[in-house]
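Trainee: Here you go, final-v8.pdb (PDB, C-alpha atoms):
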ATOM      1  CA  MET A   5     -51.532  -5.903  10.753
ATOM      2  CA  GLU A   6     -53.786  -8.855  11.677
ATOM      3  CA  ARG A   7     -55.664  -8.413   8.430
ATOM      4  CA  LEU A   8     -52.558  -8.532   6.301
ATOM      5  CA  PRO A   9     -51.756 -11.755   4.447
ATOM      6  CA  ASN A  10     -49.421 -14.148   6.274
ATOM      7  CA  THR A  11     -46.726 -13.800   3.628
ATOM      8  CA  LEU A  12     -46.676  -9.994   3.896
ATOM      9  CA  ARG A  13     -46.628 -10.148   7.703
ATOM     10  CA  ARG A  14     -43.603 -12.434   7.627
ATOM     11  CA  HIS A  15     -41.797 -10.081   5.258
ATOM     12  CA  LEU A  16     -42.534  -7.071   7.448
ATOM     13  CA  ALA A  17     -41.302  -8.955  10.516
ATOM     14  CA  ALA A  18     -38.081  -9.791   8.684
ATOM     15  CA  VAL A  19     -37.588  -6.146   7.699
ATOM     16  CA  ARG A  20     -38.094  -5.032  11.320
ATOM     17  CA  ALA A  21     -35.610  -7.658  12.541
ATOM     18  CA  VAL A  22     -33.011  -6.498  10.015
ATOM     19  CA  ALA A  23     -33.522  -2.859  11.041
ATOM     20  CA  VAL A  24     -33.226  -3.613  14.767
ATOM     21  CA  LEU A  25     -30.167  -5.855  14.350
ATOM     22  CA  THR A  26     -28.516  -3.291  12.069
ATOM     23  CA  VAL A  27     -28.890  -0.587  14.709
ATOM     24  CA  ILE A  28     -27.678  -2.857  17.521
ATOM     25  CA  LEU A  29     -24.908  -4.831  15.793
ATOM     26  CA  GLY A  30     -23.944  -2.324  13.112
ATOM     27  CA  GLY A  31     -24.059   0.800  15.245
ATOM     28  CA  LEU A  32     -24.402   0.511  19.015
ATOM     29  CA  TYR A  33     -22.152  -2.539  19.504
ATOM     30  CA  PRO A  34     -19.193  -1.202  17.422
ATOM     31  CA  LEU A  35     -19.460   2.168  19.200
ATOM     32  CA  LEU A  36     -19.462   0.443  22.592
ATOM     33  CA  VAL A  37     -16.474  -1.779  21.782
ATOM     34  CA  THR A  38     -14.559   1.137  20.219
ATOM     35  CA  GLY A  39     -15.257   3.323  23.245
ATOM     36  CA  ILE A  40     -14.064   0.654  25.681
ATOM     37  CA  ALA A  41     -10.929   0.067  23.599
ATOM     38  CA  GLN A  42     -10.145   3.796  23.425
ATOM     39  CA  VAL A  43     -10.428   4.068  27.206
ATOM     40  CA  LEU A  44      -8.530   0.904  28.177
ATOM     41  CA  LEU A  45      -6.052   0.518  25.269
ATOM     42  CA  PRO A  46      -5.920   3.848  23.409
ATOM     43  CA  HIS A  47      -2.575   3.217  21.668
ATOM     44  CA  ARG A  48      -3.525  -0.209  20.332
ATOM     45  CA  ALA A  49      -7.053   0.871  19.450
ATOM     46  CA  GLY A  50      -5.567   3.661  17.351
ATOM     47  CA  GLY A  51      -3.492   1.218  15.297
ATOM     48  CA  SER A  52      -0.291   1.269  17.416
ATOM     49  CA  ILE A  53       0.962   4.196  15.350
ATOM     50  CA  LEU A  54       4.576   5.208  15.986
ATOM     51  CA  ARG A  55       5.530   8.877  15.744
ATOM     52  CA  GLU A  56       8.941  10.423  15.260
ATOM     53  CA  ASP A  57       9.738  14.139  15.065
ATOM     54  CA  GLY A  58       6.031  14.956  15.184
ATOM     55  CA  ARG A  59       4.978  12.746  12.272
ATOM     56  CA  ASP A  60       3.551   9.269  11.847
ATOM     57  CA  VAL A  61       6.196   6.825  10.614
ATOM     58  CA  GLY A  62       4.276   3.552  10.660
ATOM     59  CA  SER A  63       2.541   1.029  12.851
ATOM     60  CA  ALA A  64       4.186  -1.323  15.309
ATOM     61  CA  LEU A  65       1.754  -3.985  14.072
ATOM     62  CA  VAL A  66       2.385  -3.711  10.311
ATOM     63  CA  GLY A  67       5.708  -4.367   8.616
ATOM     64  CA  GLN A  68       7.199  -2.125   5.980
ATOM     65  CA  SER A  69      10.128  -2.127   3.596
ATOM     66  CA  PHE A  70      13.266  -0.058   4.105
ATOM     67  CA  THR A  71      14.318   0.612   0.532
ATOM     68  CA  ASP A  72      15.279   3.607  -1.596
ATOM     69  CA  ARG A  73      13.207   5.035  -4.438
ATOM     70  CA  ASN A  74      14.631   2.377  -6.770
ATOM     71  CA  GLY A  75      13.570  -0.464  -4.493
ATOM     72  CA  ARG A  76      17.085  -1.237  -3.277
ATOM     73  CA  PRO A  77      17.496  -2.028   0.445
ATOM     74  CA  VAL A  78      19.015   0.813   2.452
ATOM     75  CA  ARG A  79      22.200  -0.496   4.017
ATOM     76  CA  ARG A  80      21.980   1.545   7.234
ATOM     77  CA  TYR A  81      18.657  -0.035   8.201
ATOM     78  CA  PHE A  82      17.616  -3.484   9.331
ATOM     79  CA  GLN A  83      15.578  -5.174   6.619
ATOM     80  CA  SER A  84      12.183  -6.801   7.117
ATOM     81  CA  ARG A  85      11.264 -10.291   5.966
ATOM     82  CA  PRO A  86       9.830 -10.674   2.443
ATOM     83  CA  SER A  87       6.167  -9.890   1.792
ATOM     84  CA  ALA A  88       4.004 -11.495  -0.886
ATOM     85  CA  GLY A  89       1.768  -8.402  -0.912
ATOM     86  CA  GLY A  90       4.418  -5.695  -0.649
ATOM     87  CA  TYR A  91       3.309  -4.807   2.906
ATOM     88  CA  ASP A  92       0.043  -3.437   1.518
ATOM     89  CA  PRO A  93      -2.717  -4.021   4.126
ATOM     90  CA  LEU A  94      -5.243  -4.206   1.279
ATOM     91  CA  ALA A  95      -3.252  -7.035  -0.320
ATOM     92  CA  SER A  96      -2.593  -8.991   2.856
ATOM     93  CA  GLY A  97      -1.935 -12.652   2.196
ATOM     94  CA  ALA A  98       0.623 -15.243   1.190
ATOM     95  CA  SER A  99       1.710 -16.609  -2.172
ATOM     96  CA  ASN A 100      -0.258 -19.836  -1.550
ATOM     97  CA  LEU A 101       2.686 -21.801  -2.956
ATOM     98  CA  GLY A 102       3.639 -24.983  -1.107
ATOM     99  CA  PRO A 103       6.817 -27.013  -0.591
ATOM    100  CA  GLN A 104       6.081 -29.145  -3.670
ATOM    101  CA  ASP A 105       6.298 -26.071  -5.920
ATOM    102  CA  VAL A 106       9.868 -26.581  -7.139
ATOM    103  CA  VAL A 107       9.756 -26.339 -10.954
ATOM    104  CA  ASP A 108       9.945 -23.000 -12.765
ATOM    105  CA  ARG A 109       8.340 -22.208 -16.055
ATOM    106  CA  LEU A 110      11.177 -20.549 -17.946
ATOM    107  CA  PRO A 111      10.366 -17.269 -19.731
ATOM    108  CA  ASP A 112       9.827 -17.871 -23.450
ATOM    109  CA  PRO A 113      10.178 -14.717 -25.612
ATOM    110  CA  ARG A 114       8.388 -16.566 -28.408
ATOM    111  CA  GLY A 115       5.507 -17.694 -26.203
ATOM    112  CA  LYS A 116       1.933 -17.472 -27.450
ATOM    113  CA  ASP A 117       0.654 -15.441 -24.497
ATOM    114  CA  GLU A 118       1.976 -13.083 -21.834
ATOM    115  CA  ALA A 119       2.066 -15.802 -19.177
ATOM    116  CA  ALA A 120       4.352 -17.923 -21.339
ATOM    117  CA  ARG A 121       6.575 -14.954 -22.195
ATOM    118  CA  LYS A 122       6.924 -13.945 -18.519
ATOM    119  CA  GLY A 123       7.301 -17.484 -17.179
ATOM    120  CA  ARG A 124       6.682 -18.413 -13.557
ATOM    121  CA  VAL A 125       9.096 -18.683 -10.669
ATOM    122  CA  SER A 126       8.567 -21.565  -8.236
ATOM    123  CA  LEU A 127       8.586 -21.129  -4.478
ATOM    124  CA  LEU A 128      11.901 -22.991  -4.298
ATOM    125  CA  THR A 129      13.587 -20.624  -6.751
ATOM    126  CA  GLN A 130      12.139 -17.627  -4.887
ATOM    127  CA  VAL A 131      13.744 -18.917  -1.691
ATOM    128  CA  CYS A 132      17.046 -19.618  -3.458
ATOM    129  CA  ALA A 133      17.152 -16.184  -5.108
ATOM    130  CA  ARG A 134      16.366 -14.417  -1.832
ATOM    131  CA  SER A 135      19.001 -16.401   0.035
ATOM    132  CA  LYS A 136      21.620 -15.535  -2.578
ATOM    133  CA  ALA A 137      20.664 -11.840  -2.473
ATOM    134  CA  VAL A 138      20.703 -11.673   1.339
ATOM    135  CA  GLY A 139      24.064 -13.459   1.441
ATOM    136  CA  GLU A 140      25.590 -10.954  -0.967
ATOM    137  CA  PHE A 141      24.044  -8.019   0.922
ATOM    138  CA  GLU A 142      25.293  -9.181   4.320
ATOM    139  CA  GLY A 143      28.662 -10.516   3.148
ATOM    140  CA  VAL A 144      27.932 -14.128   4.117
ATOM    141  CA  SER A 145      27.251 -17.331   2.250
ATOM    142  CA  GLY A 146      23.838 -17.403   0.600
ATOM    143  CA  ALA A 147      24.126 -21.118  -0.194
ATOM    144  CA  ARG A 148      21.173 -23.296   0.714
ATOM    145  CA  PRO A 149      20.116 -26.938   0.357
ATOM    146  CA  TYR A 150      18.243 -27.621  -2.887
ATOM    147  CA  CYS A 151      19.615 -24.407  -4.433
ATOM    148  CA  THR A 152      22.138 -23.908  -7.221
ATOM    149  CA  ALA A 153      25.056 -21.496  -6.999
ATOM    150  CA  ASP A 154      23.256 -19.118  -9.369
ATOM    151  CA  GLY A 155      20.220 -18.885  -7.093
ATOM    152  CA  VAL A 156      17.549 -21.174  -8.559
ATOM    153  CA  GLY A 157      16.053 -24.451  -7.439
ATOM    154  CA  ALA A 158      18.367 -27.449  -7.919
ATOM    155  CA  VAL A 159      15.821 -29.649  -9.657
ATOM    156  CA  LEU A 160      16.217 -32.272 -12.361
ATOM    157  CA  LYS A 161      13.636 -33.729 -14.704
ATOM    158  CA  VAL A 162      14.487 -37.340 -15.497
ATOM    159  CA  PHE A 163      13.204 -39.169 -18.585
ATOM    160  CA  PRO A 164      11.634 -41.637 -18.702
ATOM    161  CA  ALA A 165       9.810 -41.210 -15.399
ATOM    162  CA  VAL A 166      10.280 -44.927 -14.634
ATOM    163  CA  GLY A 167      13.323 -47.040 -15.375
ATOM    164  CA  ARG A 168      16.865 -46.239 -16.392
ATOM    165  CA  PRO A 169      17.340 -42.537 -17.338
ATOM    166  CA  THR A 170      18.063 -41.687 -20.943
ATOM    167  CA  ARG A 171      17.727 -37.909 -20.614
ATOM    168  CA  VAL A 172      18.163 -35.516 -17.660
ATOM    169  CA  VAL A 173      17.422 -31.764 -17.637
ATOM    170  CA  SER A 174      18.190 -29.089 -15.031
ATOM    171  CA  VAL A 175      14.791 -27.500 -15.599
ATOM    172  CA  ASN A 176      15.299 -24.268 -13.630
ATOM    173  CA  GLN A 177      18.547 -23.308 -15.356
ATOM    174  CA  ALA A 178      17.831 -21.790 -18.768
ATOM    175  CA  CYS A 179      20.324 -22.371 -21.551
ATOM    176  CA  PRO A 180      23.128 -21.519 -21.995
ATOM    177  CA  ALA A 181      23.638 -21.843 -18.211
ATOM    178  CA  ALA A 182      25.895 -24.685 -17.093
ATOM    179  CA  PRO A 183      23.868 -27.285 -15.130
ATOM    180  CA  PHE A 184      24.669 -27.462 -11.427
ATOM    181  CA  VAL A 185      25.646 -31.137 -11.848
ATOM    182  CA  ALA A 186      27.367 -32.541 -14.905
ATOM    183  CA  ALA A 187      25.722 -35.973 -14.851
ATOM    184  CA  TYR A 188      22.982 -37.950 -13.118
ATOM    185  CA  GLU A 189      23.196 -41.752 -12.973
ATOM    186  CA  GLY A 190      25.668 -41.695 -15.821
ATOM    187  CA  VAL A 191      23.578 -39.438 -18.082
ATOM    188  CA  LYS A 192      24.785 -35.962 -19.044
ATOM    189  CA  VAL A 193      22.585 -33.196 -17.618
ATOM    190  CA  GLU A 194      21.194 -30.630 -20.057
ATOM    191  CA  CYS A 195      20.200 -27.028 -19.394
ATOM    192  CA  GLY A 196      16.525 -26.081 -19.615
ATOM    193  CA  ARG A 197      15.069 -24.803 -22.877
ATOM    194  CA  PRO A 198      12.281 -22.182 -22.687
ATOM    195  CA  GLY A 199       9.018 -23.373 -24.166
ATOM    196  CA  GLU A 200       9.854 -27.071 -23.880
ATOM    197  CA  ASP A 201       7.387 -29.227 -21.932
ATOM    198  CA  TYR A 202       9.060 -31.271 -19.187
ATOM    199  CA  ALA A 203       5.874 -32.341 -17.394
ATOM    200  CA  ALA A 204       6.288 -36.009 -18.316
ATOM    201  CA  GLY A 205       9.639 -36.307 -16.548
ATOM    202  CA  ARG A 206      10.240 -37.426 -12.978
ATOM    203  CA  THR A 207      10.990 -34.487 -10.678
ATOM    204  CA  VAL A 208      14.201 -34.951  -8.659
ATOM    205  CA  PRO A 209      15.157 -32.136  -6.219
ATOM    206  CA  VAL A 210      18.869 -32.373  -5.347
ATOM    207  CA  ARG A 211      19.775 -31.416  -1.789
ATOM    208  CA  GLY A 212      23.513 -30.983  -2.184
ATOM    209  CA  ASN A 213      25.807 -30.418   0.796
ATOM    210  CA  ALA A 214      25.229 -26.703   1.432
ATOM    211  CA  HIS A 215      24.668 -25.419   4.966
ATOM    212  CA  ALA A 216      22.224 -22.515   5.224
ATOM    213  CA  VAL A 217      23.590 -19.438   6.997
ATOM    214  CA  VAL A 218      20.699 -17.138   6.049
ATOM    215  CA  PRO A 219      17.726 -17.738   8.448
ATOM    216  CA  PRO A 220      14.404 -19.042   7.082
ATOM    217  CA  ASP A 221      12.455 -15.825   7.785
ATOM    218  CA  ALA A 222      14.870 -13.883   5.559
ATOM    219  CA  VAL A 223      13.778 -15.920   2.535
ATOM    220  CA  THR A 224      10.083 -16.710   3.203
ATOM    221  CA  ALA A 225       7.120 -14.387   3.512
ATOM    222  CA  SER A 226       4.743 -14.529   6.466
ATOM    223  CA  GLY A 227       1.178 -15.780   6.090
ATOM    224  CA  SER A 228      -0.229 -12.238   6.237
ATOM    225  CA  GLY A 229       2.606 -10.522   4.374
ATOM    226  CA  LEU A 230       2.466  -7.846   7.085
ATOM    227  CA  ASP A 231       4.632  -9.326   9.855
ATOM    228  CA  PRO A 232       6.511  -6.465  11.581
ATOM    229  CA  HIS A 233       8.995  -8.832  13.244
ATOM    230  CA  ILE A 234      12.060 -10.771  12.200
ATOM    231  CA  SER A 235      13.798 -13.532  14.097
ATOM    232  CA  VAL A 236      16.625 -12.776  16.495
ATOM    233  CA  ALA A 237      18.904 -14.809  14.196
ATOM    234  CA  TYR A 238      18.098 -12.599  11.190
ATOM    235  CA  ALA A 239      18.625  -9.450  13.253
ATOM    236  CA  GLU A 240      21.995 -10.755  14.489
ATOM    237  CA  LEU A 241      22.998 -11.517  10.895
ATOM    238  CA  GLN A 242      22.321  -7.902   9.916
ATOM    239  CA  ALA A 243      23.964  -6.305  12.962
ATOM    240  CA  PRO A 244      27.565  -6.098  11.591
ATOM    241  CA  ARG A 245      26.405  -4.429   8.365
ATOM    242  CA  VAL A 246      24.210  -1.866  10.173
ATOM    243  CA  ALA A 247      26.947  -1.098  12.706
ATOM    244  CA  ARG A 248      29.501  -0.606   9.918
ATOM    245  CA  GLU A 249      27.216   1.664   7.882
ATOM    246  CA  ARG A 250      26.366   3.828  10.904
ATOM    247  CA  GLY A 251      29.818   3.889  12.464
ATOM    248  CA  LEU A 252      28.505   2.286  15.649
ATOM    249  CA  ASP A 253      29.993  -0.395  17.837
ATOM    250  CA  VAL A 254      28.406  -3.720  16.929
ATOM    251  CA  GLY A 255      27.932  -4.403  20.636
ATOM    252  CA  ARG A 256      25.706  -1.327  20.910
ATOM    253  CA  VAL A 257      23.637  -2.493  17.939
ATOM    254  CA  ARG A 258      23.190  -5.913  19.526
ATOM    255  CA  THR A 259      22.072  -4.235  22.762
ATOM    256  CA  LEU A 260      19.368  -2.391  20.811
ATOM    257  CA  ILE A 261      18.311  -5.699  19.254
ATOM    258  CA  ARG A 262      17.829  -7.203  22.715
ATOM    259  CA  GLU A 263      15.878  -4.129  23.876
ATOM    260  CA  HIS A 264      13.434  -4.490  20.991
ATOM    261  CA  THR A 265      13.003  -8.245  21.171
ATOM    262  CA  THR A 266       9.609  -9.529  22.278
ATOM    263  CA  GLY A 267       9.346 -12.888  24.027
ATOM    264  CA  ARG A 268       7.130 -15.856  23.259
ATOM    265  CA  ALA A 269       3.378 -15.281  23.529
ATOM    266  CA  LEU A 270       2.151 -16.409  26.965
ATOM    267  CA  GLY A 271       5.726 -17.467  27.632
ATOM    268  CA  PHE A 272       5.678 -20.585  25.469
ATOM    269  CA  LEU A 273       3.957 -19.920  22.094
ATOM    270  CA  GLY A 274       6.038 -19.084  19.026
ATOM    271  CA  GLU A 275       9.554 -17.687  19.020
ATOM    272  CA  PRO A 276      11.053 -14.366  20.173
ATOM    273  CA  GLY A 277      10.905 -11.656  17.507
ATOM    274  CA  VAL A 278      12.477  -8.259  16.824
ATOM    275  CA  ASN A 279      10.244  -5.361  15.766
ATOM    276  CA  VAL A 280      12.076  -3.931  12.751
ATOM    277  CA  LEU A 281      10.478  -0.475  12.681
ATOM    278  CA  GLU A 282      10.991   0.129  16.393
ATOM    279  CA  LEU A 283      14.602  -1.046  16.117
ATOM    280  CA  ASN A 284      15.341   1.230  13.150
ATOM    281  CA  LEU A 285      13.785   4.208  14.946
ATOM    282  CA  ALA A 286      15.986   3.500  17.961
ATOM    283  CA  LEU A 287      19.019   3.421  15.672
ATOM    284  CA  ASP A 288      18.103   6.809  14.208
ATOM    285  CA  ARG A 289      18.089   8.244  17.722
ATOM    286  CA  GLU A 290      21.704   7.146  18.198
ATOM    287  CA  ARG A 291      23.484  10.316  17.203
TER     288      ARG A 291
END
Just dump the structure as structure tokens.

Mentor:
Amino acid sequence: MERLPNTLRRHLAAVRAVAVLTVILGGLYPLLVTGIAQVLLPHRAGGSILREDGRDVGSALVGQSFTDRNGRPVRRYFQSRPSAGGYDPLASGASNLGPQDVVDRLPDPRGKDEAARKGRVSLLTQVCARSKAVGEFEGVSGARPYCTADGVGAVLKVFPAVGRPTRVVSVNQACPAAPFVAAYEGVKVECGRPGEDYAAGRTVPVRGNAHAVVPPDAVTASGSGLDPHISVAYAELQAPRVARERGLDVGRVRTLIREHTTGRALGFLGEPGVNVLELNLALDRER
């Protein structure tokens, strides 16, 4: 080795270091940590898998949807919060859309490419559409600030961007829809026309006077898209529907909600949450 060139010796030393570290950090350390976890926390180390009637039904740590084969929510079950990745652990993540994303790109059948033909739905319209759908499903008002009655973002584009308006468009309501307001600062509001470019206009979200009944977690996805919990408020909203569909007393359903509610982390971090899968399994045991 001493007679080898310095460059070759350095390369051989690097190869030995990689081999040793691979064995230690890629083999021995994971085996040690896995062994300790299996001894001290076997259920969590195994993925917190829940079993019912001798079969695996899911994980207490990963959310899932409760829909039929056509994707429609099953009325006898509590529903999870939305997921940007469809509760697929391999597609974990959020939409990466922020609160300033309020303008849709309306689908244009005559568009030059597929993106133009499909259009793009803003985060605001996603929230509005979900709130409307949840309201209809639960038999409550799905109205929400900054949302129109037909479930899109209540947003105007005002022209010119500076000065007295001469033209106003409800950009998220495609023609021939009736705009959610008839006029803005004395100018008649138009419906949006697919394919027309409204980028030069001033964006004006309109709050309105609606009071949201549907909780925020019912209309927004979690950062991971895999959250197994919903808020206590969303669970309480669903309780009358689930009780009615199952022929149970709503008081009994609310008792099950309390039994499957976890408190704040360390007693003060976050908010209490209800594990949807565990709650639905408990409901199925109520014969």

Trainee: Using the chain letters and numbers from the file, give me the residues hit by the PyMOL selection byres ((chain A and resi 108-120) around 12), as an MDAnalysis selection string.

Mentor: chainID A and resid 104:107 121:130 156:161 174:179 195:203 207

Trainee: Just checking: using all atoms listed in the file, which residue out of A:Arg55, A:Arg245, A:Arg211, A:Arg168 ends up closest to A:Gly139?

Mentor: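 That would be A:Arg245, the residue with the smallest distance to A:Gly139.
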
Trainee: Up to 12 Å from (25.9, -35.3, -15.0) in the file's coordinates: name the residues, counting all atoms listed in the file, as JSON, numbers by chain.

Mentor: {"A": [160, 162, 169, 170, 171, 172, 173, 174, 182, 183, 184, 185, 186, 187, 188, 189, 190, 191, 192, 193, 194, 195]}

Trainee: So which residues fall inside 12 Å of (6.7, -18.3, 3.6) if we count all atoms listed in the file? Mind giving them as a VMD selection string?

Mentor: chain A and resid 85 to 89 97 to 103 127 to 128 130 to 131 134 220 to 231

Trainee: Draw an axis-aligned box over all listed atoms of stretch 205-209 of chain A, pad each side with 3 Å, and write its centre and edge lengths in Å, one decimal, as JSON.

Mentor:
{"center_x": 12.4, "center_y": -34.8, "center_z": -11.4, "size_x": 11.5, "size_y": 11.3, "size_z": 16.3}

Trainee: Closest to A:Ala237 among A:Pro276, A:Gly212, A:Gly62, A:Gly255, using only C-alpha atoms?

Mentor: A:Pro276

Trainee: Just checking: using only C-alpha atoms, which residue out of A:Arg13, A:Pro232, A:Val166, A:Pro180 ends up closest to A:Ala204?

Mentor: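 Comparing A:Arg13, A:Pro232, A:Val166, A:Pro180 against A:Ala204, the winner is A:Val166.
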
Trainee: Please compute the atom CA of A:Arg80-atom CA of A:Asp253 distance, one decimal, in Å.

Mentor: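 Straight-line distance from atom CA of A:Arg80 to atom CA of A:Asp253 works out to 13.4 Å.
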
Trainee: Please determine, counting only C-alpha atoms, which residue among A:His15, A:Phe163, A:Asn284, A:Ile261 has the shortest atom-to-atom distance to A:Arg206.

Mentor: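 Looking at the shortest contact to A:Arg206, the residue is A:Phe163.
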
Trainee: Which one is closest to A:Leu94: A:Val280, A:Val66, A:Leu35, A:Asn74? Count all atoms listed in the file.

Mentor: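 Answer, going by the shortest atom-to-atom distance: A:Val66.
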